[in-house]
Amino acid sequence: MQTVKEIESAADAARRAEVNNLISPRFYKTDYAYMDRLNIEPVRAEWDMMMKEYEGDNNQDHFQRDEQFVAEVARLVPQLNPELRREFLDFLVTSLTSEFSGCVLYNEIRNHVDNPDIKQLMAYLVRDESRHASFINSSLKDFDLGVNLSELKKNKAYTYFKPKYILYATYLSEKIGYARYITIFRQLEKTPDKRFHPIFRWFERWCNDEFRHGESFALIMRADPKLLQGTNLLFIRFFLLAVYATMYVRDHTRPALKHAMGLDPTQYDYAVFKITSEISKQVFPISLDIDSPAFRQGMNQLFRIAEKYYAAREKGGIYAYLQRGGYGLAGFMTFVGMYFIPVKRHNLPQQIRIAAAW
């Protein structure tokens with residue numbers, strides 16, 4: 001069953017970017033007054049060191065298309081088979097939307113706060129995410145599918161998240177982004193013949209941006225211990241599961257992308273989950289038991305339900321509409337069951353920041 005739709009025009013790409021559903025990147029708003037009150041003094045030494053790294057801007061010359069990039073596009077793109085082309089374009093649009101989502105959120109926070117620490121951080125994050133989004137968009141333009149980012153900012157619906165949800169979700173988004181990109185980069189470093197587009201050669205330094213962004217949110221959360229205690233552990237548990245489940249379903253609905261890289265989607269996802277779980281021990285005192293048979297069965301069940309949901313959506317009509325409701329309920333119940341799988345607990349390290357060693 002084809003779950004990834006064709007993107008045949010720039011208008012199609014824009015519509016795909018504007019979609020809001022359970023597995024699509026969203027645009028967020030939050031309580032900016034709360035963000036303005038954030039106090040990073042308890043982690044000042046590590047914070048100041050990180051700000052110097054941002055100021056050094058070691059990627060300022062990285063996101064530029066060189067002659068080799070252009071030559072590889074001309075040689076490799078015509079060789080993409082229809083299924084891989086369809087899934088790759090969906091990957092580019094999804095990645096663009098995700099990167100630009102961060103850019104929009106961080107810019108809004110920067111514009112609404114006076115706190116010098118948070119304002120400075122957000123300026124650096126906007127700089128990085130803007131580069132990432134523009135670089136992806138340039139690859140979409142190779143297919144005549146470039147997205148008007150100004151229009152996307154105006155047209156895409158925004159979701160309000162409480163500040164602590166923003167902190168949990170953005171931390172995980174940045175860290176799992178690192179894990180995804182570095183796993184792909186390492187695979188294609190070993191098997192360069194499977195690198196079907198030059199954008200993947202940029203992933204190593206790119207993912208180090210993502211890693212540093214996650215470090216920023218780790219410091220903010222560790223500076224306020226109550227964010228990582230008590231009932232907030234329930235929210236952390238939810239976001240961990242939601243981020244992993246979203247990735248699993250999305251990757252398994254576009255398997256040709258991973259197969260072309262010589263990756264098995266399931267093995268790839270669990271490799272990413274393992275890296276993300278290890279990294280997140282710097283800030284979260286709990287982690288999901290990703291090796292639990294019940295966890296793995298639940299992930300497979302979520303994907304199967306998603307397949308049936310998409311098939312019903314394609315049929316249309318009243319009966320298919322009722323089916324979609326049933327599948328939605330089944331997905332919800334599966335997620336709830338997975339939520340109550342016992343988690344692993346550990347103590348937080350004294351030193352917060354860690355090296356991107358994967």
# chains A, B, ... in the order shown; residues from 1 in each chain; ligands from 1
call {"tool": "select_by_dssp", "arguments": {"residues": "region 87-184 of chain A", "states": "alpha helix (DSSP H)", "output": "PyMOL selection string"}}
result
chain A and resi 87-112+116-141+149-155+163-184
call {"tool": "residues_around", "arguments": {"residues": "Met122 (chain A)", "least_positions_apart": "6", "cutoff": "12 Å", "atoms": "only C-alpha atoms", "output": "PyMOL selection string"}}
result
chain A and resi 35-36+51+54+102-116+128-130+213+216-217
call {"tool": "write_last_selection", "arguments": {"atoms": "N, CA and C atoms", "output": "compact mmCIF listing (two decimals), in the first residue's frame"}}
result
# COMPACT_ATOMS: atom_id res chain seq x y z
N MET A 35 9.09 31.81 29.76
CA MET A 35 10.42 31.65 29.18
C MET A 35 11.33 32.81 29.60
N ASP A 36 10.74 33.99 29.77
CA ASP A 36 11.52 35.16 30.17
C ASP A 36 12.03 35.02 31.60
N MET A 51 27.85 28.93 25.32
CA MET A 51 27.65 30.16 24.57
C MET A 51 28.89 30.53 23.76
N TYR A 54 28.74 28.45 20.64
CA TYR A 54 27.82 29.04 19.68
C TYR A 54 28.45 30.24 18.98
N GLY A 102 11.34 24.81 14.31
CA GLY A 102 12.24 25.26 15.35
C GLY A 102 12.63 26.71 15.15
N CYS A 103 12.92 27.07 13.91
CA CYS A 103 13.30 28.45 13.61
C CYS A 103 12.20 29.43 14.02
N VAL A 104 10.95 29.11 13.68
CA VAL A 104 9.82 29.98 13.99
C VAL A 104 9.63 30.09 15.50
N LEU A 105 9.65 28.96 16.20
CA LEU A 105 9.45 28.96 17.65
C LEU A 105 10.55 29.76 18.35
N TYR A 106 11.80 29.48 18.00
CA TYR A 106 12.91 30.16 18.67
C TYR A 106 12.89 31.66 18.38
N ASN A 107 12.50 32.02 17.18
CA ASN A 107 12.43 33.44 16.85
C ASN A 107 11.32 34.14 17.64
N GLU A 108 10.19 33.46 17.82
CA GLU A 108 9.10 34.04 18.59
C GLU A 108 9.52 34.22 20.05
N ILE A 109 10.22 33.24 20.60
CA ILE A 109 10.69 33.38 21.98
C ILE A 109 11.68 34.54 22.08
N ARG A 110 12.61 34.60 21.13
CA ARG A 110 13.58 35.70 21.14
C ARG A 110 12.90 37.06 21.12
N ASN A 111 11.85 37.18 20.32
CA ASN A 111 11.18 38.47 20.17
C ASN A 111 10.31 38.84 21.36
N HIS A 112 10.00 37.85 22.23
CA HIS A 112 9.07 38.11 23.33
C HIS A 112 9.75 38.12 24.70
N VAL A 113 11.06 37.94 24.76
CA VAL A 113 11.73 37.92 26.05
C VAL A 113 12.78 39.01 26.14
N ASP A 114 13.07 39.40 27.40
CA ASP A 114 14.16 40.35 27.67
C ASP A 114 15.32 39.67 28.40
N ASN A 115 15.07 38.48 28.93
CA ASN A 115 16.10 37.71 29.62
C ASN A 115 17.32 37.57 28.69
N PRO A 116 18.47 38.14 29.06
CA PRO A 116 19.62 38.16 28.13
C PRO A 116 20.15 36.77 27.79
N ASP A 128 21.04 28.80 13.37
CA ASP A 128 21.33 27.44 12.94
C ASP A 128 20.15 26.82 12.19
N GLU A 129 18.95 26.94 12.76
CA GLU A 129 17.79 26.30 12.14
C GLU A 129 17.45 26.94 10.80
N SER A 130 17.68 28.24 10.69
CA SER A 130 17.45 28.92 9.41
C SER A 130 18.37 28.37 8.34
N HIS A 213 22.08 21.99 20.33
CA HIS A 213 20.78 22.56 20.65
C HIS A 213 20.14 21.80 21.81
N SER A 216 21.51 22.69 25.14
CA SER A 216 20.98 23.95 25.68
C SER A 216 19.74 23.70 26.52
N PHE A 217 18.83 22.88 25.99
CA PHE A 217 17.60 22.61 26.73
C PHE A 217 17.85 21.71 27.93
call {"tool": "closest_atom_pairs", "arguments": {"of": "region 171-244 of chain A", "to": "region 315-339 of chain A", "cutoff": "10 Å", "atoms": "only C-alpha atoms", "output": "JSON lines"}}
result
{"residue": "A:Leu234", "atom": "CA", "partner": "A:Tyr339", "partner_atom": "CA", "distance": 9.3}
{"residue": "A:Arg237", "atom": "CA", "partner": "A:Tyr339", "partner_atom": "CA", "distance": 7.3}
{"residue": "A:Phe238", "atom": "CA", "partner": "A:Tyr339", "partner_atom": "CA", "distance": 6.9}
{"residue": "A:Leu240", "atom": "CA", "partner": "A:Tyr339", "partner_atom": "CA", "distance": 9.6}
{"residue": "A:Leu241", "atom": "CA", "partner": "A:Tyr339", "partner_atom": "CA", "distance": 7.0}
{"residue": "A:Ala242", "atom": "CA", "partner": "A:Phe335", "partner_atom": "CA", "distance": 8.4}
call {"tool": "atom_distance", "arguments": {"atom1": "CA of Lys141 (chain A)", "atom2": "CA of Leu125 (chain A)"}}
result
24.2 Å
call {"tool": "atom_distance", "arguments": {"atom1": "CA of Ser138 (chain A)", "atom2": "CA of Glu6 (chain A)"}}
result
19.1 Å
call {"tool": "residues_around", "arguments": {"residues": "region 256-263 of chain A", "least_positions_apart": "6", "cutoff": "7 Å", "atoms": "only C-alpha atoms", "output": "PDB file with C-alpha atoms, in the first residue's frame"}}
result
ATOM      1  CA  GLU A  83       9.063   4.887  -4.997  1.00  0.00           C
ATOM      2  CA  LEU A  84      12.384   6.171  -3.654  1.00  0.00           C
ATOM      3  CA  GLU A  87       9.674   8.914  -0.208  1.00  0.00           C
ATOM      4  CA  PHE A  88      12.787  11.082  -0.485  1.00  0.00           C
ATOM      5  CA  LEU A 188      26.616   5.891   4.194  1.00  0.00           C
ATOM      6  CA  LYS A 194      24.256   3.805  -1.376  1.00  0.00           C
ATOM      7  CA  ARG A 195      24.433   7.576  -0.955  1.00  0.00           C
TER       8      ARG A 195
END
call {"tool": "closest_residue", "arguments": {"among": "A:Lys52, A:His346, A:Arg353, A:Arg222", "to": "Asn39 (chain A)", "atoms": "only C-alpha atoms"}}
result
A:Arg222
call {"tool": "atom_distance", "arguments": {"atom1": "CA of Leu227 (chain A)", "atom2": "CA of Met49 (chain A)"}}
result
23.0 Å
call {"tool": "residues_around", "arguments": {"residues": "Pro25 (chain A)", "least_positions_apart": "3", "cutoff": "8 Å", "atoms": "only C-alpha atoms", "output": "ChimeraX atom specification"}}
result
/A:20,94,97-98,101
call {"tool": "residues_around", "arguments": {"residues": "Leu76 (chain A)", "least_positions_apart": "2", "cutoff": "12 Å", "atoms": "only C-alpha atoms", "output": "JSON, numbers by chain"}}
result
{"A": [68, 69, 70, 71, 72, 73, 74, 78, 79, 80, 81, 85, 142, 193, 194, 195, 196, 197, 198, 199]}
call {"tool": "write_last_selection", "arguments": {"atoms": "N, CA and C atoms", "output": "tab-separated table (two decimals), in the first residue's frame"}}
result
chain	number	residue	atom	x	y	z
A	68	GLN	N	30.76	19.94	-6.39
A	68	GLN	CA	30.55	18.50	-6.28
A	68	GLN	C	29.10	18.18	-5.96
A	69	PHE	N	28.49	18.98	-5.08
A	69	PHE	CA	27.08	18.78	-4.73
A	69	PHE	C	26.22	18.88	-5.98
A	70	VAL	N	26.42	19.93	-6.74
A	70	VAL	CA	25.61	20.16	-7.94
A	70	VAL	C	25.81	19.04	-8.94
A	71	ALA	N	27.06	18.59	-9.09
A	71	ALA	CA	27.34	17.51	-10.05
A	71	ALA	C	26.68	16.21	-9.61
A	72	GLU	N	26.69	15.93	-8.30
A	72	GLU	CA	26.07	14.70	-7.81
A	72	GLU	C	24.56	14.74	-7.98
A	73	VAL	N	23.96	15.88	-7.77
A	73	VAL	CA	22.52	16.00	-7.99
A	73	VAL	C	22.19	15.68	-9.45
A	74	ALA	N	22.95	16.25	-10.36
A	74	ALA	CA	22.69	16.03	-11.79
A	74	ALA	C	22.86	14.57	-12.17
A	78	PRO	N	18.35	11.65	-11.46
A	78	PRO	CA	17.63	10.92	-12.51
A	78	PRO	C	17.60	9.41	-12.30
A	79	GLN	N	18.47	8.88	-11.43
A	79	GLN	CA	18.51	7.44	-11.19
A	79	GLN	C	17.52	6.97	-10.13
A	80	LEU	N	16.88	7.90	-9.42
A	80	LEU	CA	15.94	7.51	-8.38
A	80	LEU	C	14.72	6.82	-8.97
A	81	ASN	N	14.38	5.66	-8.42
A	81	ASN	CA	13.15	5.01	-8.90
A	81	ASN	C	11.94	5.75	-8.33
A	85	ARG	N	12.02	8.13	-5.04
A	85	ARG	CA	11.86	9.57	-5.28
A	85	ARG	C	10.70	10.11	-4.44
A	142	ASP	N	15.80	21.86	-6.48
A	142	ASP	CA	16.35	21.05	-7.58
A	142	ASP	C	15.26	20.27	-8.28
A	193	ASP	N	28.37	3.89	-1.93
A	193	ASP	CA	27.62	3.59	-3.15
A	193	ASP	C	26.11	3.69	-2.94
A	194	LYS	N	25.68	3.71	-1.68
A	194	LYS	CA	24.26	3.81	-1.38
A	194	LYS	C	23.83	5.25	-1.06
A	195	ARG	N	24.76	6.17	-1.19
A	195	ARG	CA	24.43	7.58	-0.95
A	195	ARG	C	23.80	8.13	-2.23
A	196	PHE	N	22.47	8.12	-2.26
A	196	PHE	CA	21.75	8.46	-3.49
A	196	PHE	C	21.48	9.95	-3.66
A	197	HIS	N	21.95	10.75	-2.70
A	197	HIS	CA	21.83	12.21	-2.81
A	197	HIS	C	22.94	12.83	-1.98
A	198	PRO	N	23.55	13.92	-2.46
A	198	PRO	CA	24.70	14.49	-1.74
A	198	PRO	C	24.35	15.14	-0.41
A	199	ILE	N	23.10	15.43	-0.13
A	199	ILE	CA	22.76	16.09	1.14
A	199	ILE	C	23.22	15.28	2.34
call {"tool": "closest_residue", "arguments": {"among": "A:Ala312, A:Leu228, A:Ala157, A:Ala271", "to": "Trp358 (chain A)", "atoms": "only C-alpha atoms"}}
result
A:Ala271
call {"tool": "closest_residue", "arguments": {"among": "A:Asp224, A:Glu41, A:Asp57, A:Asp289", "to": "Pro342 (chain A)", "atoms": "only C-alpha atoms"}}
result
A:Asp289
call {"tool": "residues_around", "arguments": {"residues": "Pro349 (chain A)", "least_positions_apart": "2", "cutoff": "12 Å", "atoms": "only C-alpha atoms", "output": "list in words"}}
result
Ala218, Arg222, Ile279, Ser280, Lys281, Gln282, Val283, Phe284, Pro285, His346, Asn347, Gln351, Ile352, Arg353 and Ile354 of chain A
call {"tool": "write_last_selection", "arguments": {"atoms": "N, CA and C atoms", "output": "PDB file, in the first residue's frame"}}
result
ATOM      1  N   ALA A 218      18.861  20.851  27.827  1.00  0.00           N
ATOM      2  CA  ALA A 218      19.227  20.038  28.984  1.00  0.00           C
ATOM      3  C   ALA A 218      19.679  20.933  30.136  1.00  0.00           C
ATOM      4  N   ARG A 222      17.914  21.210  33.781  1.00  0.00           N
ATOM      5  CA  ARG A 222      18.668  20.845  34.986  1.00  0.00           C
ATOM      6  C   ARG A 222      18.793  22.030  35.947  1.00  0.00           C
ATOM      7  N   ILE A 279      21.659   9.241  25.577  1.00  0.00           N
ATOM      8  CA  ILE A 279      21.899  10.679  25.685  1.00  0.00           C
ATOM      9  C   ILE A 279      20.985  11.304  26.729  1.00  0.00           C
ATOM     10  N   SER A 280      19.714  10.934  26.703  1.00  0.00           N
ATOM     11  CA  SER A 280      18.728  11.608  27.551  1.00  0.00           C
ATOM     12  C   SER A 280      18.906  11.320  29.035  1.00  0.00           C
ATOM     13  N   LYS A 281      19.796  10.398  29.372  1.00  0.00           N
ATOM     14  CA  LYS A 281      20.092  10.154  30.787  1.00  0.00           C
ATOM     15  C   LYS A 281      20.766  11.354  31.435  1.00  0.00           C
ATOM     16  N   GLN A 282      21.258  12.298  30.624  1.00  0.00           N
ATOM     17  CA  GLN A 282      21.866  13.502  31.174  1.00  0.00           C
ATOM     18  C   GLN A 282      20.839  14.394  31.859  1.00  0.00           C
ATOM     19  N   VAL A 283      19.551  14.210  31.486  1.00  0.00           N
ATOM     20  CA  VAL A 283      18.536  15.132  31.992  1.00  0.00           C
ATOM     21  C   VAL A 283      17.280  14.438  32.504  1.00  0.00           C
ATOM     22  N   PHE A 284      16.914  13.298  31.946  1.00  0.00           N
ATOM     23  CA  PHE A 284      15.704  12.597  32.368  1.00  0.00           C
ATOM     24  C   PHE A 284      16.080  11.445  33.305  1.00  0.00           C
ATOM     25  N   PRO A 285      15.469  11.368  34.482  1.00  0.00           N
ATOM     26  CA  PRO A 285      15.779  10.279  35.414  1.00  0.00           C
ATOM     27  C   PRO A 285      15.079   8.962  35.062  1.00  0.00           C
ATOM     28  N   HIS A 346      17.218   5.924  36.784  1.00  0.00           N
ATOM     29  CA  HIS A 346      18.646   6.113  37.033  1.00  0.00           C
ATOM     30  C   HIS A 346      18.885   7.484  37.649  1.00  0.00           C
ATOM     31  N   ASN A 347      20.034   7.656  38.250  1.00  0.00           N
ATOM     32  CA  ASN A 347      20.404   8.942  38.824  1.00  0.00           C
ATOM     33  C   ASN A 347      20.972   9.859  37.741  1.00  0.00           C
ATOM     34  N   GLN A 351      27.842  16.155  36.107  1.00  0.00           N
ATOM     35  CA  GLN A 351      28.142  16.990  34.942  1.00  0.00           C
ATOM     36  C   GLN A 351      27.047  16.787  33.911  1.00  0.00           C
ATOM     37  N   ILE A 352      26.453  17.892  33.456  1.00  0.00           N
ATOM     38  CA  ILE A 352      25.285  17.794  32.592  1.00  0.00           C
ATOM     39  C   ILE A 352      25.663  17.519  31.145  1.00  0.00           C
ATOM     40  N   ARG A 353      26.562  18.349  30.609  1.00  0.00           N
ATOM     41  CA  ARG A 353      26.884  18.234  29.200  1.00  0.00           C
ATOM     42  C   ARG A 353      27.665  16.977  28.898  1.00  0.00           C
ATOM     43  N   ILE A 354      27.432  16.412  27.721  1.00  0.00           N
ATOM     44  CA  ILE A 354      28.136  15.215  27.272  1.00  0.00           C
ATOM     45  C   ILE A 354      28.665  15.452  25.871  1.00  0.00           C
TER      46      ILE A 354
END
call {"tool": "closest_residue", "arguments": {"among": "A:Arg345, A:Arg44, A:Lys5, A:Lys156", "to": "Tyr310 (chain A)", "atoms": "only C-alpha atoms"}}
result
A:Lys5
